[in-house]
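First up is the structure itself, then whatever we jot down about it.
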Amino acid sequence: MFLIKKNKPALLRANLLFSLIIFILFFSLNLNGEENRVVLKTGNQKAKVVVKVFSSLTCPHCANFHNKVFLNLDKDFISNGKVRYEHHGFPLDLAALNAEKILGCVESGESKLNLLNELYKKQDTWASGSDINNINQKIFKISNNYGLNNDKNNNCLSDQNLEDEILNGRINANKKYSIEATPTIFINEKKYNGKHNYEDFKKKILKFL
């Protein structure tokens with residue numbers, strides 16, 4: 001979901017440019033090979049159940065799912081090795097792409113997960129602004145707590161290889177899973193179409209255990 005308002009033309013132009021980049025990459029990248037994705041994984045790598053969530057960090061519905069479902073899932077199923085969780089970045093705008101790049105620069109898996117948690121928890125405070133530079137500074141204030149000073153943050157945003165990896169991942173994910181909205185969730189490669197509340201999601205998880 002885009003967080004763009006008509007009274008912020010600079011941010012609108014930035015997101016139109018982002019959409020154009022996605023369009024160009026769709027026709028220029030080799031989509032027949034292995035998916036090249038920046039994926040945050042947590043939990044037992046041999047878990048019987050694998051939950052994949054394709055989400056945009058600026059999407060309110062994604063934040064709602066993460067805050068209300070994932071955190072409970074982590075406590076009940078991920079921490080005891082029954083479920084593996086994968087966050088697959090599917091940025092819908094430039095702010096989400098930049099936040100995804102910052103997330104990809106955190107080296108520690110635990111710190112990366114904690115940063116993801118905080119980005120979703122504080123989405124309302126950073127995901128909109130007068131322009132993309134304003135939004136970037138808000139992201140930096142959060143990522144500074146996870147081993148990234150402003151120099152590292154800026155280097156991360158200018159990392160073209162990382163950007164290509166994220167965008168290539170988005171395009172390949174769309175090709176493989178036909179993603180039409182975020183979040184799109186799969187449990188053991190089967191699309192979850194239920195309600196985004198923990199009790200309904202938990203019932204679906206239990207059917208796979």
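Residues in the structure tokens are numbered from 1 in each chain, the chains being A, B, ... in the order shown, and ligands are numbered from 1 in the order shown.
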
Exercise. Tell me, as a VMD selection string, which residues lie within 12 Å of range 147-161 of chain A, counting only C-alpha atoms; anything in the same chain fewer than 5 positions away does not count.
Key: chain A and resid 36 to 38 94 to 108 110 to 112 114 to 115 132 to 133 136 to 142 166 to 168

Quiz prompt | Residues near Pro60 in chain A, cut-off 9 Å, only C-alpha atoms, skip fewer than 5 positions along chain, as a list in words | solution =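 Counting only the stated atoms, we get Met1, Phe65, Tyr120, Gln123 and Asp124 of chain A.
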
Exercise. Give the strand (DSSP E) residues of chain A, as assigned by DSSP on the backbone, as a PyMOL selection string.
Key: chain A and resi 39-42+49-55+83-89+184-187+190-191

Write the residues of the preceding selection, restricted to N, CA and C atoms, as a PDB file, in the first residue's frame.
```pdb
ATOM      1  N   VAL A  39      16.551 -12.407   2.103  1.00  0.00           N
ATOM      2  CA  VAL A  39      15.491 -13.023   2.897  1.00  0.00           C
ATOM      3  C   VAL A  39      15.920 -13.090   4.357  1.00  0.00           C
ATOM      4  N   LEU A  40      15.064 -12.612   5.234  1.00  0.00           N
ATOM      5  CA  LEU A  40      15.298 -12.737   6.670  1.00  0.00           C
ATOM      6  C   LEU A  40      14.622 -14.023   7.139  1.00  0.00           C
ATOM      7  N   LYS A  41      15.424 -14.958   7.670  1.00  0.00           N
ATOM      8  CA  LYS A  41      14.892 -16.231   8.146  1.00  0.00           C
ATOM      9  C   LYS A  41      15.121 -16.347   9.649  1.00  0.00           C
ATOM     10  N   THR A  42      14.136 -16.861  10.330  1.00  0.00           N
ATOM     11  CA  THR A  42      14.291 -17.110  11.756  1.00  0.00           C
ATOM     12  C   THR A  42      13.574 -18.400  12.122  1.00  0.00           C
ATOM     13  N   VAL A  49       7.120 -26.759   9.337  1.00  0.00           N
ATOM     14  CA  VAL A  49       6.271 -25.724   8.737  1.00  0.00           C
ATOM     15  C   VAL A  49       7.117 -24.504   8.392  1.00  0.00           C
ATOM     16  N   VAL A  50       6.961 -24.011   7.182  1.00  0.00           N
ATOM     17  CA  VAL A  50       7.672 -22.808   6.730  1.00  0.00           C
ATOM     18  C   VAL A  50       6.640 -21.757   6.347  1.00  0.00           C
ATOM     19  N   VAL A  51       6.719 -20.615   6.997  1.00  0.00           N
ATOM     20  CA  VAL A  51       5.828 -19.493   6.709  1.00  0.00           C
ATOM     21  C   VAL A  51       6.617 -18.439   5.932  1.00  0.00           C
ATOM     22  N   LYS A  52       6.165 -18.128   4.738  1.00  0.00           N
ATOM     23  CA  LYS A  52       6.784 -17.077   3.930  1.00  0.00           C
ATOM     24  C   LYS A  52       5.834 -15.890   3.856  1.00  0.00           C
ATOM     25  N   VAL A  53       6.354 -14.723   4.192  1.00  0.00           N
ATOM     26  CA  VAL A  53       5.543 -13.510   4.138  1.00  0.00           C
ATOM     27  C   VAL A  53       6.197 -12.526   3.177  1.00  0.00           C
ATOM     28  N   PHE A  54       5.497 -12.198   2.107  1.00  0.00           N
ATOM     29  CA  PHE A  54       5.961 -11.203   1.138  1.00  0.00           C
ATOM     30  C   PHE A  54       5.308  -9.881   1.504  1.00  0.00           C
ATOM     31  N   SER A  55       6.142  -8.935   1.908  1.00  0.00           N
ATOM     32  CA  SER A  55       5.563  -7.708   2.462  1.00  0.00           C
ATOM     33  C   SER A  55       6.388  -6.490   2.123  1.00  0.00           C
ATOM     34  N   VAL A  83       8.256 -24.024  13.652  1.00  0.00           N
ATOM     35  CA  VAL A  83       7.981 -23.193  12.466  1.00  0.00           C
ATOM     36  C   VAL A  83       9.213 -22.382  12.109  1.00  0.00           C
ATOM     37  N   ARG A  84       9.479 -22.280  10.822  1.00  0.00           N
ATOM     38  CA  ARG A  84      10.482 -21.341  10.324  1.00  0.00           C
ATOM     39  C   ARG A  84       9.749 -20.208   9.628  1.00  0.00           C
ATOM     40  N   TYR A  85      10.183 -19.000   9.893  1.00  0.00           N
ATOM     41  CA  TYR A  85       9.544 -17.807   9.322  1.00  0.00           C
ATOM     42  C   TYR A  85      10.512 -17.130   8.367  1.00  0.00           C
ATOM     43  N   GLU A  86       9.996 -16.683   7.231  1.00  0.00           N
ATOM     44  CA  GLU A  86      10.814 -15.967   6.259  1.00  0.00           C
ATOM     45  C   GLU A  86      10.138 -14.649   5.876  1.00  0.00           C
ATOM     46  N   HIS A  87      10.870 -13.566   6.050  1.00  0.00           N
ATOM     47  CA  HIS A  87      10.410 -12.261   5.558  1.00  0.00           C
ATOM     48  C   HIS A  87      11.026 -12.037   4.191  1.00  0.00           C
ATOM     49  N   HIS A  88      10.178 -11.898   3.175  1.00  0.00           N
ATOM     50  CA  HIS A  88      10.616 -11.615   1.813  1.00  0.00           C
ATOM     51  C   HIS A  88      10.207 -10.189   1.471  1.00  0.00           C
ATOM     52  N   GLY A  89      11.193  -9.336   1.289  1.00  0.00           N
ATOM     53  CA  GLY A  89      10.892  -7.949   0.979  1.00  0.00           C
ATOM     54  C   GLY A  89      10.226  -7.807  -0.383  1.00  0.00           C
ATOM     55  N   THR A 184       1.346 -11.004   1.246  1.00  0.00           N
ATOM     56  CA  THR A 184       0.925 -12.294   0.714  1.00  0.00           C
ATOM     57  C   THR A 184       1.675 -13.362   1.494  1.00  0.00           C
ATOM     58  N   ILE A 185       0.938 -14.333   2.008  1.00  0.00           N
ATOM     59  CA  ILE A 185       1.499 -15.285   2.964  1.00  0.00           C
ATOM     60  C   ILE A 185       1.328 -16.709   2.452  1.00  0.00           C
ATOM     61  N   PHE A 186       2.385 -17.486   2.583  1.00  0.00           N
ATOM     62  CA  PHE A 186       2.334 -18.889   2.218  1.00  0.00           C
ATOM     63  C   PHE A 186       2.748 -19.745   3.407  1.00  0.00           C
ATOM     64  N   ILE A 187       2.020 -20.838   3.618  1.00  0.00           N
ATOM     65  CA  ILE A 187       2.387 -21.827   4.633  1.00  0.00           C
ATOM     66  C   ILE A 187       2.687 -23.113   3.882  1.00  0.00           C
ATOM     67  N   LYS A 190       1.583 -23.108   0.333  1.00  0.00           N
ATOM     68  CA  LYS A 190       0.161 -22.958   0.071  1.00  0.00           C
ATOM     69  C   LYS A 190      -0.293 -21.581   0.542  1.00  0.00           C
ATOM     70  N   LYS A 191      -0.936 -20.842  -0.336  1.00  0.00           N
ATOM     71  CA  LYS A 191      -1.325 -19.468  -0.017  1.00  0.00           C
ATOM     72  C   LYS A 191      -2.350 -19.439   1.105  1.00  0.00           C
TER      73      LYS A 191
END
```

Quiz item: Which residues, written as a count of residues only, have at least one atom at most 6 Å from Asn44 in chain A, with only C-alpha atoms counted and residues fewer than 2 positions away on the same chain left out?
Solution: 4

Quiz prompt | For Leu73 in chain A, the nearest of the candidates A:Asn145, A:Asn197, A:Gln45, A:Asn174, counting only C-alpha atoms | solution =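 That would be A:Asn197, the residue with the smallest distance to Leu73 in chain A.
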
Quiz prompt | Nearest candidate to Thr125 in chain A (options A:Lys48, A:Asn72, A:Asn144, A:Thr58; using only C-alpha atoms) | solution =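 Of the candidates, the smallest distance to Thr125 in chain A is held by A:Thr58.
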
Self-check item: Using only C-alpha atoms: which of A:Ile171, A:Leu57, A:Leu116, A:Ile205 has the shortest distance to Leu92 in chain A
Solution: A:Leu57

Practice problem: Using CA of His66 in chain A and CA of Gly194 in chain A as the two end points, give the distance in Å to one decimal. | Solution: 14.8 Å

Quiz item: DSSP on the backbone: what in chain A comes out alpha helix (DSSP H), as a PyMOL selection string?
Solution: chain A and resi 9-28+60-65+71-73+94-105+109-121+123-126+132-143+150-157+160-177+198-208

Quiz prompt | Proximity to Ser128 in chain A - best of A:His196, A:Glu180, A:Lys68, A:Asp93, only C-alpha atoms | solution = A:Asp93
